[in-house]
Amino acid sequence: MDVLKKNKKTVFIAVGCFCAILWTQRDIFTVSTSVGYRILELLYTVCMTLILTKTLLYLLMDKNDSIADRPLYECYIKLFLVQMLAFLPMYTQNFMYGDDLWGFATDFNGNLSTGLYFSRPFISFFYGILPETSFLTIRYFRIVNGMFLFGFGCILLRFIALRTQNLRLAFLISVMAVSSCTAVDCIAYASVYPINSALMISALSFVIYLEARENKGRRKFILLAESGICLFSAFCLYQIGTPIVFLFYLIAEKYGQDQKDGKRFVHAFLYLIYYGITAVAYMLINKALQIFIGVANGQAGRGQMINSLELVRDKIVWFFGNVCPQALSRLVGNVCGNALFQENNMFYQCTFAEKSIGIVLMVILTTLIICSIVITAYQKKSFVYGFIAVVAVPLAFYPFLILPESVFLTYYAMAVILLFLWYAVDGACAVIRVVVMKWNRVRKFERAGNVFLTGLVLIIALQSNYYAENVWVNYCRDSYEYLANHISSELTVRNNVDTILVNGTISPYVGGRDYVIFCVEDILRELGYSPENYHIVQSDNGYYLLSFPEGEIAGMEEVLGHERLEQVLQYYVHDDLYGRWSYNYTIQTQDEMEFLKECFEETGQLATEDEHTISVSMNGFNQRNPF
């Protein structure tokens, strides 16, 4: 009777999820009508219906005997409240970061080709949730992203709680994962939204895989298929979110049943094969869809694997010399915010203001990580566990170790940051246990521990709130409004404007020519003007462009001719990774600068100020508002 009742609930939830997935595609069915798109829609609908159903079943209906459900539900609510406090500035205010201006340049029109172009076939469907997204409504898109991140936090919380039987530990790790300064970076930049869903779905995939490993027969193969579908879907959303499974694997290994080293190694190896087969299946299906639908593979250079020993060596040096220290720095930043760092923005690289303090903190965190691995390996009497724990570190960042791109961004490194967090907290707990047992003050320590945990969670949330408000919201919103106010005031009193010239950038990181143009177009739409009626130009120095996309070459050649175009390109180098031409800093004379200025003005990529031009300088803004 209980089984029948549970099956009815499962069917009811599945039908509800199916209807919800169809609703998000309301603007897609009438636009993407070819057979290839219909196959993609069917694939997405089946995968996402399964994922939503399994997520709800796992979080709300998965009964267990080892830990009461009510405390877990209470922790879900507490985690939600903490995240709301941390993310409040981004949920209540409007702002766009650089790539948001590109990603949301126009409202979603139902076309699915963009996702396939970037080899992420499922991401375009997410635009269907909120198809009309602009500067005035962008916060709603962030709220949706935050809910996916919250879902990931709940899965992580439940998984750790069931494995460790320690709700406080599970809650602390989950808070750091979805409510810290690191988590802020995963939704503040709205265009990076796929990372949140990829983290959640990858986590769900491993939970199901672990259940499959504990079952036999037909049930085992069904669960393996479900886990594979989840992991495949995570790849289709954002490949760099999938390595989070190695964090879950290490937690499962630490608290799993004791087993011989040979069996432990075989299990780990089999999971790697399983993960690899899923990745290959994703690549093959994605490529087949691109060919069948006729969509090119965009920015193909970013997907090429490194192919020389020199590049392998450079990657190893970069990973241990840059990525690992930066990931550890984020753990410090989650508690102290920007207080100890030179930079106001921790999204990219960050440097300790006092080098000596940074060294001490790095040594402490590294020691705790080593303690976690060594103590657990000793307790389990397993060399293989120690080996797996060490190998998991590069595996948690593997996409950027096998691909040519070598840039550290917080959301790129979520898996390795959270893996380091787990090791550091686990190592700290091991040290504390030794001290508590030695002093025999268990009850006093538990009371003090509750007070410490409450205080720490509050600090993390407040630091995130401050970081979100002062680093992300204020700067990005103010730069947009600074530009909008200038344009609005000029258009109000002048009716002869046909050109808008912006001198400078809207951000020192992502705010170059393309982003400035997107920003101005968005502003014009918000003001009720048509961007097509204006010639929009960005200039860094009035003489030449720092970069321009390769797609503009044909138009330039048509205006300049082949010979003059070749002369222009002598001062630029082609960037295969991003499909653009970048200035190579080889200009030596004023005549060369005048030549480039003349060429770019002829092509319309630069403009001379006249009575028909609105000119806005961003230099004053950027000097007054350091990022």
# chains A, B, ... in the order shown; residues from 1 in each chain; ligands from 1
$ residues_around --residues "A:Leu596" --least-positions-apart "2" --cutoff "12 Å" --atoms "only C-alpha atoms" --output "PyMOL selection string"
chain A and resi 541-546+560+564-572+583+587+589-594+598-603+605-606
$ residues_around --residues "A:Val295" --least-positions-apart "2" --cutoff "8 Å" --atoms "only C-alpha atoms" --output "list in words"
Ser113, Leu116, Tyr117, Gln290, Ile291, Ile293 and Asn297 of chain A
$ atom_distance --atom1 "atom CA of A:Phe420" --atom2 "atom CA of A:Ile369"
6.9 Å
$ residues_around --residues "A:Leu199" --least-positions-apart "5" --cutoff "10 Å" --atoms "only C-alpha atoms" --output "short mmCIF file (atom, residue, chain, number, x, y, z; two decimals) with C-alpha atoms, in the first residue's frame"
data_model
loop_
_atom_site.label_atom_id
_atom_site.label_comp_id
_atom_site.auth_asym_id
_atom_site.auth_seq_id
_atom_site.Cartn_x
_atom_site.Cartn_y
_atom_site.Cartn_z
CA PHE A 148 19.22 26.65 -8.79
CA LEU A 149 22.20 27.40 -6.56
CA GLY A 151 18.88 23.57 -4.92
CA PHE A 152 22.53 22.60 -5.16
CA GLY A 153 23.04 23.68 -1.55
CA PRO A 194 24.40 27.68 -16.41
CA LEU A 204 22.08 14.90 -8.18
CA SER A 205 23.79 12.65 -10.71
CA LEU A 231 25.33 14.07 -15.81
CA ALA A 234 24.90 18.97 -16.78
CA LEU A 237 24.39 23.14 -19.69
CA TYR A 238 27.96 23.95 -18.63
CA GLN A 239 30.81 21.47 -18.70
CA ILE A 240 32.81 23.24 -15.98
CA GLY A 241 30.12 22.54 -13.37
CA THR A 242 30.41 18.76 -13.67
CA PRO A 243 33.70 18.27 -11.73
CA ILE A 244 31.74 18.96 -8.53
CA VAL A 245 31.05 15.20 -8.55
CA MET A 414 33.82 26.28 -7.77
CA ALA A 415 34.58 22.55 -7.59
#
$ residues_around --residues "A:Arg525" --least-positions-apart "5" --cutoff "10 Å" --atoms "only C-alpha atoms" --output "number ranges by chain"
A: 106, 134, 520, 530-531
$ write_last_selection --atoms "C-alpha atoms" --output "mmCIF file, in the first residue's frame"
data_model
loop_
_atom_site.group_PDB
_atom_site.id
_atom_site.type_symbol
_atom_site.label_atom_id
_atom_site.label_comp_id
_atom_site.auth_asym_id
_atom_site.auth_seq_id
_atom_site.Cartn_x
_atom_site.Cartn_y
_atom_site.Cartn_z
ATOM 1 C CA THR A 106 17.904 41.427 -27.188
ATOM 2 C CA SER A 134 16.573 43.772 -19.858
ATOM 3 C CA VAL A 520 24.335 52.038 -25.426
ATOM 4 C CA SER A 530 15.626 52.644 -31.820
ATOM 5 C CA PRO A 531 19.374 51.777 -31.775
#
$ residues_around --residues "A:Cys75" --least-positions-apart "5" --cutoff "10 Å" --atoms "only C-alpha atoms" --output "list in words"
Asp69, Arg70, Phe80, Leu81, Cys154, Leu157, Arg158, Leu167, Arg168, Ala170, Phe171 and Ser174 of chain A
$ closest_residue --among "A:Leu340, A:Val280, A:Leu43, A:Ile201" --to "A:Leu361" --atoms "only C-alpha atoms"
A:Leu340
$ residues_around --residues "stretch 381-390 of chain A" --least-positions-apart "6" --cutoff "10 Å" --atoms "only C-alpha atoms" --output "list in words"
Phe246, Leu247, Tyr249, Leu250, Ile251, Glu253, Lys254, Asp258, Gln259, Lys260, Asp261, Gly262, Lys263, Arg264, Phe265, Ala268, Phe269, Ile370, Ser372, Ile373, Val374, Ile375, Leu419 and Tyr423 of chain A
$ write_last_selection --atoms "C-alpha atoms" --output "PDB file, in the first residue's frame"
ATOM      1  CA  PHE A 246      34.625  14.623  -7.320  1.00  0.00           C
ATOM      2  CA  LEU A 247      33.842  16.524  -4.109  1.00  0.00           C
ATOM      3  CA  TYR A 249      32.983  11.202  -4.362  1.00  0.00           C
ATOM      4  CA  LEU A 250      35.547  12.121  -1.689  1.00  0.00           C
ATOM      5  CA  ILE A 251      32.853  12.654   0.940  1.00  0.00           C
ATOM      6  CA  GLU A 253      34.775   7.642   0.256  1.00  0.00           C
ATOM      7  CA  LYS A 254      35.541   9.103   3.665  1.00  0.00           C
ATOM      8  CA  ASP A 258      35.693   0.050   4.812  1.00  0.00           C
ATOM      9  CA  GLN A 259      37.024  -1.917   1.879  1.00  0.00           C
ATOM     10  CA  LYS A 260      40.313  -3.243   0.589  1.00  0.00           C
ATOM     11  CA  ASP A 261      42.516  -0.895  -1.387  1.00  0.00           C
ATOM     12  CA  GLY A 262      42.136  -2.933  -4.553  1.00  0.00           C
ATOM     13  CA  LYS A 263      38.358  -2.668  -4.479  1.00  0.00           C
ATOM     14  CA  ARG A 264      38.527   1.033  -3.568  1.00  0.00           C
ATOM     15  CA  PHE A 265      40.771   1.716  -6.549  1.00  0.00           C
ATOM     16  CA  ALA A 268      37.205   4.986  -8.361  1.00  0.00           C
ATOM     17  CA  PHE A 269      38.512   3.877 -11.753  1.00  0.00           C
ATOM     18  CA  ILE A 370      47.056  17.799   4.447  1.00  0.00           C
ATOM     19  CA  SER A 372      42.447  15.838   6.520  1.00  0.00           C
ATOM     20  CA  ILE A 373      43.922  13.616   3.814  1.00  0.00           C
ATOM     21  CA  VAL A 374      46.636  12.016   5.951  1.00  0.00           C
ATOM     22  CA  ILE A 375      44.500  11.418   9.054  1.00  0.00           C
ATOM     23  CA  LEU A 419      36.917  20.601  -2.330  1.00  0.00           C
ATOM     24  CA  TYR A 423      39.373  19.285   3.340  1.00  0.00           C
TER      25      TYR A 423
END
$ atom_distance --atom1 "atom CA of A:Gly36" --atom2 "atom CA of A:Trp23"
20.4 Å
$ closest_residue --among "A:Leu401, A:Ala281, A:Ile459, A:Val360" --to "A:Cys236" --atoms "only C-alpha atoms"
A:Ala281
$ residues_around --residues "A:Phe150" --least-positions-apart "4" --cutoff "10 Å" --atoms "only C-alpha atoms" --output "PDB file with N, CA, C and O atoms, in the first residue's frame"
ATOM      1  N   TYR A  76      16.936  23.379   5.461  1.00  0.00           N
ATOM      2  CA  TYR A  76      16.626  23.954   4.148  1.00  0.00           C
ATOM      3  C   TYR A  76      16.134  25.398   4.316  1.00  0.00           C
ATOM      4  O   TYR A  76      16.553  26.310   3.595  1.00  0.00           O
ATOM      5  N   LEU A  79      18.930  27.678   5.427  1.00  0.00           N
ATOM      6  CA  LEU A  79      19.835  27.941   4.306  1.00  0.00           C
ATOM      7  C   LEU A  79      19.211  28.952   3.355  1.00  0.00           C
ATOM      8  O   LEU A  79      19.896  29.850   2.841  1.00  0.00           O
ATOM      9  N   PHE A  80      17.927  28.836   3.107  1.00  0.00           N
ATOM     10  CA  PHE A  80      17.224  29.781   2.244  1.00  0.00           C
ATOM     11  C   PHE A  80      17.292  31.196   2.810  1.00  0.00           C
ATOM     12  O   PHE A  80      17.555  32.161   2.085  1.00  0.00           O
ATOM     13  N   GLN A  83      20.835  32.595   2.490  1.00  0.00           N
ATOM     14  CA  GLN A  83      21.130  32.996   1.117  1.00  0.00           C
ATOM     15  C   GLN A  83      20.380  34.272   0.738  1.00  0.00           C
ATOM     16  O   GLN A  83      20.927  35.134   0.038  1.00  0.00           O
ATOM     17  N   MET A  84      19.158  34.415   1.181  1.00  0.00           N
ATOM     18  CA  MET A  84      18.399  35.635   0.902  1.00  0.00           C
ATOM     19  C   MET A  84      19.105  36.849   1.482  1.00  0.00           C
ATOM     20  O   MET A  84      19.197  37.901   0.838  1.00  0.00           O
ATOM     21  N   VAL A 144      16.129  33.447 -10.374  1.00  0.00           N
ATOM     22  CA  VAL A 144      16.020  32.080 -10.897  1.00  0.00           C
ATOM     23  C   VAL A 144      17.357  31.358 -10.747  1.00  0.00           C
ATOM     24  O   VAL A 144      17.412  30.201 -10.302  1.00  0.00           O
ATOM     25  N   ASN A 145      18.454  32.039 -11.083  1.00  0.00           N
ATOM     26  CA  ASN A 145      19.779  31.433 -10.926  1.00  0.00           C
ATOM     27  C   ASN A 145      20.054  31.084  -9.473  1.00  0.00           C
ATOM     28  O   ASN A 145      20.621  30.032  -9.152  1.00  0.00           O
ATOM     29  N   GLY A 146      19.676  32.000  -8.575  1.00  0.00           N
ATOM     30  CA  GLY A 146      19.890  31.760  -7.154  1.00  0.00           C
ATOM     31  C   GLY A 146      19.121  30.561  -6.648  1.00  0.00           C
ATOM     32  O   GLY A 146      19.595  29.832  -5.766  1.00  0.00           O
ATOM     33  N   CYS A 154      20.957  22.518  -1.088  1.00  0.00           N
ATOM     34  CA  CYS A 154      20.108  21.559  -0.373  1.00  0.00           C
ATOM     35  C   CYS A 154      20.562  20.124  -0.621  1.00  0.00           C
ATOM     36  O   CYS A 154      20.588  19.293   0.298  1.00  0.00           O
ATOM     37  N   ILE A 155      20.927  19.815  -1.866  1.00  0.00           N
ATOM     38  CA  ILE A 155      21.423  18.467  -2.174  1.00  0.00           C
ATOM     39  C   ILE A 155      22.725  18.204  -1.431  1.00  0.00           C
ATOM     40  O   ILE A 155      22.922  17.131  -0.843  1.00  0.00           O
ATOM     41  N   LEU A 156      23.611  19.202  -1.434  1.00  0.00           N
ATOM     42  CA  LEU A 156      24.884  19.066  -0.715  1.00  0.00           C
ATOM     43  C   LEU A 156      24.640  18.889   0.774  1.00  0.00           C
ATOM     44  O   LEU A 156      25.268  18.035   1.423  1.00  0.00           O
ATOM     45  N   SER A 174      27.318  23.894   3.366  1.00  0.00           N
ATOM     46  CA  SER A 174      26.306  24.351   2.413  1.00  0.00           C
ATOM     47  C   SER A 174      26.203  25.872   2.383  1.00  0.00           C
ATOM     48  O   SER A 174      26.035  26.466   1.317  1.00  0.00           O
ATOM     49  N   VAL A 175      26.298  26.499   3.538  1.00  0.00           N
ATOM     50  CA  VAL A 175      26.275  27.960   3.594  1.00  0.00           C
ATOM     51  C   VAL A 175      27.449  28.539   2.812  1.00  0.00           C
ATOM     52  O   VAL A 175      27.300  29.481   2.025  1.00  0.00           O
ATOM     53  N   ALA A 177      28.954  27.151   0.423  1.00  0.00           N
ATOM     54  CA  ALA A 177      28.810  26.813  -0.999  1.00  0.00           C
ATOM     55  C   ALA A 177      27.835  27.713  -1.726  1.00  0.00           C
ATOM     56  O   ALA A 177      28.052  28.038  -2.900  1.00  0.00           O
ATOM     57  N   VAL A 178      26.742  28.137  -1.051  1.00  0.00           N
ATOM     58  CA  VAL A 178      25.677  28.840  -1.780  1.00  0.00           C
ATOM     59  C   VAL A 178      25.338  30.218  -1.224  1.00  0.00           C
ATOM     60  O   VAL A 178      24.441  30.888  -1.748  1.00  0.00           O
ATOM     61  N   SER A 179      26.050  30.676  -0.182  1.00  0.00           N
ATOM     62  CA  SER A 179      25.728  31.985   0.389  1.00  0.00           C
ATOM     63  C   SER A 179      26.961  32.839   0.660  1.00  0.00           C
ATOM     64  O   SER A 179      26.842  33.908   1.255  1.00  0.00           O
ATOM     65  N   ASN A 196      25.147  27.337 -12.163  1.00  0.00           N
ATOM     66  CA  ASN A 196      24.332  26.996 -11.005  1.00  0.00           C
ATOM     67  C   ASN A 196      23.516  25.730 -11.236  1.00  0.00           C
ATOM     68  O   ASN A 196      23.469  24.836 -10.384  1.00  0.00           O
ATOM     69  N   SER A 197      22.874  25.642 -12.392  1.00  0.00           N
ATOM     70  CA  SER A 197      22.102  24.449 -12.707  1.00  0.00           C
ATOM     71  C   SER A 197      23.018  23.246 -12.934  1.00  0.00           C
ATOM     72  O   SER A 197      22.674  22.118 -12.557  1.00  0.00           O
ATOM     73  N   MET A 200      23.996  21.816  -9.545  1.00  0.00           N
ATOM     74  CA  MET A 200      22.884  21.099  -8.917  1.00  0.00           C
ATOM     75  C   MET A 200      22.650  19.743  -9.580  1.00  0.00           C
ATOM     76  O   MET A 200      22.509  18.715  -8.901  1.00  0.00           O
TER      77      MET A 200
END
$ closest_residue --among "A:Leu50, A:Ala607, A:Glu526, A:Leu458" --to "A:Leu501" --atoms "only C-alpha atoms"
A:Ala607
$ atom_distance --atom1 "atom CA of A:Val323" --atom2 "atom CA of A:Val431"
26.4 Å
$ closest_residue --among "A:Val266, A:Thr137, A:Tyr37, A:Leu162" --to "A:Leu59" --atoms "only C-alpha atoms"
A:Leu162
$ closest_residue --among "A:Leu72, A:Val192, A:Ile285, A:Leu491" --to "A:Leu60" --atoms "only C-alpha atoms"
A:Leu72
